[in-house]
Amino acid sequence: MSALLHYSYGLLQHDLTPGGWPLHRAVASARCRYPSELTLITPTGALRFDPLHHQLTLLCAAVTGIQYTEHESTSRFIVITSRFARTARLYGDYAPRLCAQEAGMLLGAVHLVASALGLRTRPGQDQKTLNDLCAPWLPSAGEHPMGYLELARPPRPPKTGSPVDAGPQRPGDRAWHPPDLASVLRFRHSGAAIFDPEPAPVTRELINDLEAALATAPLGDFSCHLLARSVTDLAPGHYVHVEGRLRQVSEGDPLALLEQIGQSEGRVSMNFRSTACVAYLAVRRGAAVARYGDDAFRRVHLGAGAAAHLVCVVAARHGLTARVHNGYDAATAERLLGLMPDEETVIFQVAIGAARPPASFRLPVVF
Ligand SMILES: Cc1cc2nc3c(=O)[nH]c(=O)nc-3n(C[C@H](O)[C@H](O)[C@H](O)COP(=O)(O)O)c2cc1C
């Protein structure tokens, strides 16, 4: 549990630069506000993760009436909530959007680390289960339930004799992760204040990892459009990853597309000329709204957010930087990426490149 919480949402780097953002955790957060909270639910209580002191604090002594799908003695829930006000202090009423994105990224982080630790994971978005998990301890205002995962130890192998029965395989049980996940997560960062990488290509191995990682993303229900400018052994162009496979949509340098999509307030939002490739995560907003109404907002961000964190980890595995950047125009992205009109939309833009060393210096935090 210590490793799970630390590598999912713990404090991993300390930046001492005056006026900077000093505390960096395992998951990216817009201007390091970290509005999400992680709470561990056990049959004997709800415990809040405190990353600064690397400890759990008891919120309430008994959480009863929870439907565990695994045996209660080997199963735990992790609940993700969000304090919108933390982010709203800087971002105003744009905060719920960032908080929903970050809750999804955190769900992806817990899922990734849990699967690397050999746990069986069942990520969930069902609103009733979420509310039941939160009811005994969540304050009535100021903190919003966002998502949860049920985690379980696989059954112990028998001591002798018969073959191991690890129980039925489920999608969450075979998630992609690099063998040295801890060092990859320690390395992961979003680059300097302005994303202006060295003009270096990404390797075909990175694209293969991306394909494998996205195929095991915990909640599915997204597609990933890749605008690749500079990849070894892969022609520049527009690729799409859908239902586990990457296929080419069109050939040619996508710089013009990137500079039209990646704009905020009429200006190009980062240096796409030296960025090797950019991933756009698209969701079926129309279908989600028809099915879930207002709750579609939370759900689509959870699924795509989990995938966005995987993109960041894949980049880190290959010594590169992934930058989640909301400076893009959704309507232009829908049009230029050929998304289904009035149905699909982009909710994450993640640029991948060889970030230059920033002016600041980050120290690793080791517990
Ligand atoms: C949901 C989300 C949105 C973000 N949007 C922007 C953005 O619009 N522009 C930008 O420069 N950085 C953006 N970032 C990057 C963060 O500011 C960056 O992750 C933060 O500095 C933490 O850095 P670290 O990941 O290196 O710890 C965003 C990050 C997240 C998670």
# chains A, B, ... in the order shown; residues from 1 in each chain; ligands from 1

$ residues_around --residues "Val231 of chain A" --least-positions-apart "4" --cutoff "6 Å" --atoms "only C-alpha atoms" --output "number ranges by chain"
A: 201-203

$ residues_near_ligand --ligand "ligand 1" --cutoff "6 Å" --atoms "only C-alpha atoms and all ligand atoms" --output "ChimeraX atom specification"
/A:24-25,28-32,98,101-102,189-191,193-194,323-327

$ closest_atom_pairs --of "segment 111-228 of chain A" --to "segment 46-58 of chain A" --cutoff "10 Å" --atoms "only C-alpha atoms" --output "CSV"
residue,atom,partner,partner_atom,distance
A:Leu133,CA,A:Ala46,CA,9.1
A:Cys134,CA,A:Ala46,CA,8.9
A:Pro136,CA,A:Ala46,CA,8.5
A:Trp137,CA,A:Ala46,CA,7.2
A:Leu138,CA,A:Ala46,CA,9.7

$ closest_atom_pairs --of "segment 132-162 of chain A" --to "segment 283-296 of chain A" --cutoff "12 Å" --atoms "only C-alpha atoms" --output "JSON lines"
{"residue": "A:Pro145", "atom": "CA", "partner": "A:Asp295", "partner_atom": "CA", "distance": 11.5}
{"residue": "A:Met146", "atom": "CA", "partner": "A:Asp295", "partner_atom": "CA", "distance": 10.1}
{"residue": "A:Gly147", "atom": "CA", "partner": "A:Asp295", "partner_atom": "CA", "distance": 11.7}

$ atom_distance --atom1 "atom CA of Ala282 of chain A" --atom2 "atom CA of Asp221 of chain A"
8.9 Å

$ residues_around --residues "Phe77 of chain A" --least-positions-apart "5" --cutoff "10 Å" --atoms "only C-alpha atoms" --output "PyMOL selection string"
chain A and resi 39-43+46+66+68+121-123+133+148-152

$ write_last_selection --atoms "all heavy atoms" --output "short mmCIF file (atom, residue, chain, number, x, y, z; two decimals), in the first residue's frame"
data_model
loop_
_atom_site.label_atom_id
_atom_site.label_comp_id
_atom_site.auth_asym_id
_atom_site.auth_seq_id
_atom_site.Cartn_x
_atom_site.Cartn_y
_atom_site.Cartn_z
N THR A 39 -8.39 8.40 -1.18
CA THR A 39 -8.86 7.86 0.10
C THR A 39 -8.95 6.34 -0.02
O THR A 39 -9.50 5.82 -0.99
CB THR A 39 -10.23 8.47 0.47
OG1 THR A 39 -10.10 9.89 0.46
CG2 THR A 39 -10.70 8.00 1.84
N LEU A 40 -8.38 5.69 0.95
CA LEU A 40 -8.39 4.22 0.99
C LEU A 40 -9.57 3.77 1.85
O LEU A 40 -9.75 4.25 2.97
CB LEU A 40 -7.07 3.75 1.62
CG LEU A 40 -6.96 2.27 1.97
CD1 LEU A 40 -6.92 1.42 0.70
CD2 LEU A 40 -5.69 2.03 2.80
N ILE A 41 -10.39 2.87 1.29
CA ILE A 41 -11.56 2.38 2.03
C ILE A 41 -11.30 0.92 2.40
O ILE A 41 -11.06 0.08 1.53
CB ILE A 41 -12.84 2.45 1.16
CG1 ILE A 41 -13.02 3.83 0.54
CG2 ILE A 41 -14.07 2.02 1.96
CD1 ILE A 41 -13.34 4.94 1.48
N THR A 42 -11.33 0.65 3.68
CA THR A 42 -11.19 -0.73 4.16
C THR A 42 -12.43 -1.03 5.01
O THR A 42 -13.13 -0.10 5.41
CB THR A 42 -9.93 -0.90 5.04
OG1 THR A 42 -10.21 -0.34 6.32
CG2 THR A 42 -8.72 -0.19 4.44
N PRO A 43 -12.68 -2.30 5.33
CA PRO A 43 -13.86 -2.60 6.16
C PRO A 43 -13.80 -1.88 7.51
O PRO A 43 -14.82 -1.66 8.15
CB PRO A 43 -13.79 -4.12 6.33
CG PRO A 43 -13.02 -4.59 5.14
CD PRO A 43 -12.02 -3.52 4.84
N ALA A 46 -12.13 4.66 6.60
CA ALA A 46 -11.69 5.44 5.43
C ALA A 46 -10.45 6.21 5.83
O ALA A 46 -10.44 6.90 6.86
CB ALA A 46 -12.80 6.40 5.00
N ILE A 66 -20.57 -1.79 1.89
CA ILE A 66 -19.90 -1.71 0.58
C ILE A 66 -19.95 -3.10 -0.07
O ILE A 66 -19.67 -4.10 0.57
CB ILE A 66 -18.42 -1.26 0.75
CG1 ILE A 66 -18.34 0.07 1.49
CG2 ILE A 66 -17.71 -1.20 -0.58
CD1 ILE A 66 -19.04 1.22 0.83
N TYR A 68 -18.19 -5.53 -2.04
CA TYR A 68 -16.90 -5.93 -2.61
C TYR A 68 -17.16 -7.01 -3.65
O TYR A 68 -17.95 -7.91 -3.40
CB TYR A 68 -15.97 -6.47 -1.51
CG TYR A 68 -15.50 -5.42 -0.54
CD1 TYR A 68 -16.22 -5.14 0.63
CD2 TYR A 68 -14.34 -4.71 -0.78
CE1 TYR A 68 -15.80 -4.17 1.52
CE2 TYR A 68 -13.90 -3.73 0.11
CZ TYR A 68 -14.64 -3.47 1.25
OH TYR A 68 -14.21 -2.51 2.13
N THR A 121 -7.17 -5.24 -10.48
CA THR A 121 -7.78 -3.91 -10.37
C THR A 121 -9.11 -3.88 -11.11
O THR A 121 -9.24 -4.46 -12.18
CB THR A 121 -6.88 -2.83 -10.99
OG1 THR A 121 -6.69 -3.16 -12.35
CG2 THR A 121 -5.55 -2.73 -10.30
N ARG A 122 -10.05 -3.17 -10.52
CA ARG A 122 -11.35 -2.99 -11.16
C ARG A 122 -11.70 -1.50 -11.07
O ARG A 122 -12.23 -1.04 -10.06
CB ARG A 122 -12.40 -3.84 -10.45
CG ARG A 122 -13.76 -3.79 -11.10
CD ARG A 122 -14.74 -4.62 -10.31
NE ARG A 122 -14.50 -6.03 -10.46
CZ ARG A 122 -15.11 -6.79 -11.38
NH1 ARG A 122 -15.99 -6.26 -12.17
NH2 ARG A 122 -14.84 -8.06 -11.47
N PRO A 123 -11.35 -0.73 -12.12
CA PRO A 123 -11.65 0.69 -12.07
C PRO A 123 -13.14 0.93 -12.26
O PRO A 123 -13.80 0.17 -12.99
CB PRO A 123 -10.87 1.27 -13.26
CG PRO A 123 -10.49 0.12 -14.10
CD PRO A 123 -10.70 -1.15 -13.37
N LEU A 133 -19.59 4.73 -1.49
CA LEU A 133 -18.23 4.67 -0.92
C LEU A 133 -17.90 5.95 -0.16
O LEU A 133 -17.18 5.93 0.83
CB LEU A 133 -17.20 4.47 -2.04
CG LEU A 133 -17.09 3.08 -2.63
CD1 LEU A 133 -16.36 3.12 -3.98
CD2 LEU A 133 -16.33 2.16 -1.67
N TYR A 148 -13.34 5.63 -8.64
CA TYR A 148 -12.83 4.67 -7.66
C TYR A 148 -12.21 3.47 -8.37
O TYR A 148 -12.44 3.25 -9.57
CB TYR A 148 -13.96 4.20 -6.72
CG TYR A 148 -15.08 3.49 -7.45
CD1 TYR A 148 -15.06 2.12 -7.64
CD2 TYR A 148 -16.15 4.21 -7.97
CE1 TYR A 148 -16.08 1.48 -8.34
CE2 TYR A 148 -17.17 3.58 -8.67
CZ TYR A 148 -17.13 2.22 -8.84
OH TYR A 148 -18.11 1.58 -9.55
N LEU A 149 -11.42 2.73 -7.63
CA LEU A 149 -10.89 1.45 -8.12
C LEU A 149 -11.02 0.45 -6.99
O LEU A 149 -10.75 0.77 -5.83
CB LEU A 149 -9.41 1.54 -8.47
CG LEU A 149 -8.99 2.49 -9.57
CD1 LEU A 149 -8.46 3.78 -8.98
CD2 LEU A 149 -7.91 1.86 -10.43
N GLU A 150 -11.41 -0.76 -7.34
CA GLU A 150 -11.35 -1.84 -6.36
C GLU A 150 -10.06 -2.62 -6.65
O GLU A 150 -9.77 -2.96 -7.79
CB GLU A 150 -12.57 -2.77 -6.48
CG GLU A 150 -12.60 -3.80 -5.37
CD GLU A 150 -13.81 -4.72 -5.44
OE1 GLU A 150 -14.60 -4.62 -6.39
OE2 GLU A 150 -13.93 -5.57 -4.53
N LEU A 151 -9.30 -2.85 -5.62
CA LEU A 151 -8.01 -3.55 -5.76
C LEU A 151 -8.05 -4.81 -4.92
O LEU A 151 -8.58 -4.79 -3.81
CB LEU A 151 -6.87 -2.67 -5.27
CG LEU A 151 -6.80 -1.25 -5.83
CD1 LEU A 151 -5.72 -0.46 -5.12
CD2 LEU A 151 -6.51 -1.30 -7.32
N ALA A 152 -7.47 -5.87 -5.44
CA ALA A 152 -7.46 -7.10 -4.65
C ALA A 152 -6.16 -7.84 -4.87
O ALA A 152 -5.58 -7.80 -5.97
CB ALA A 152 -8.63 -7.99 -5.06
#
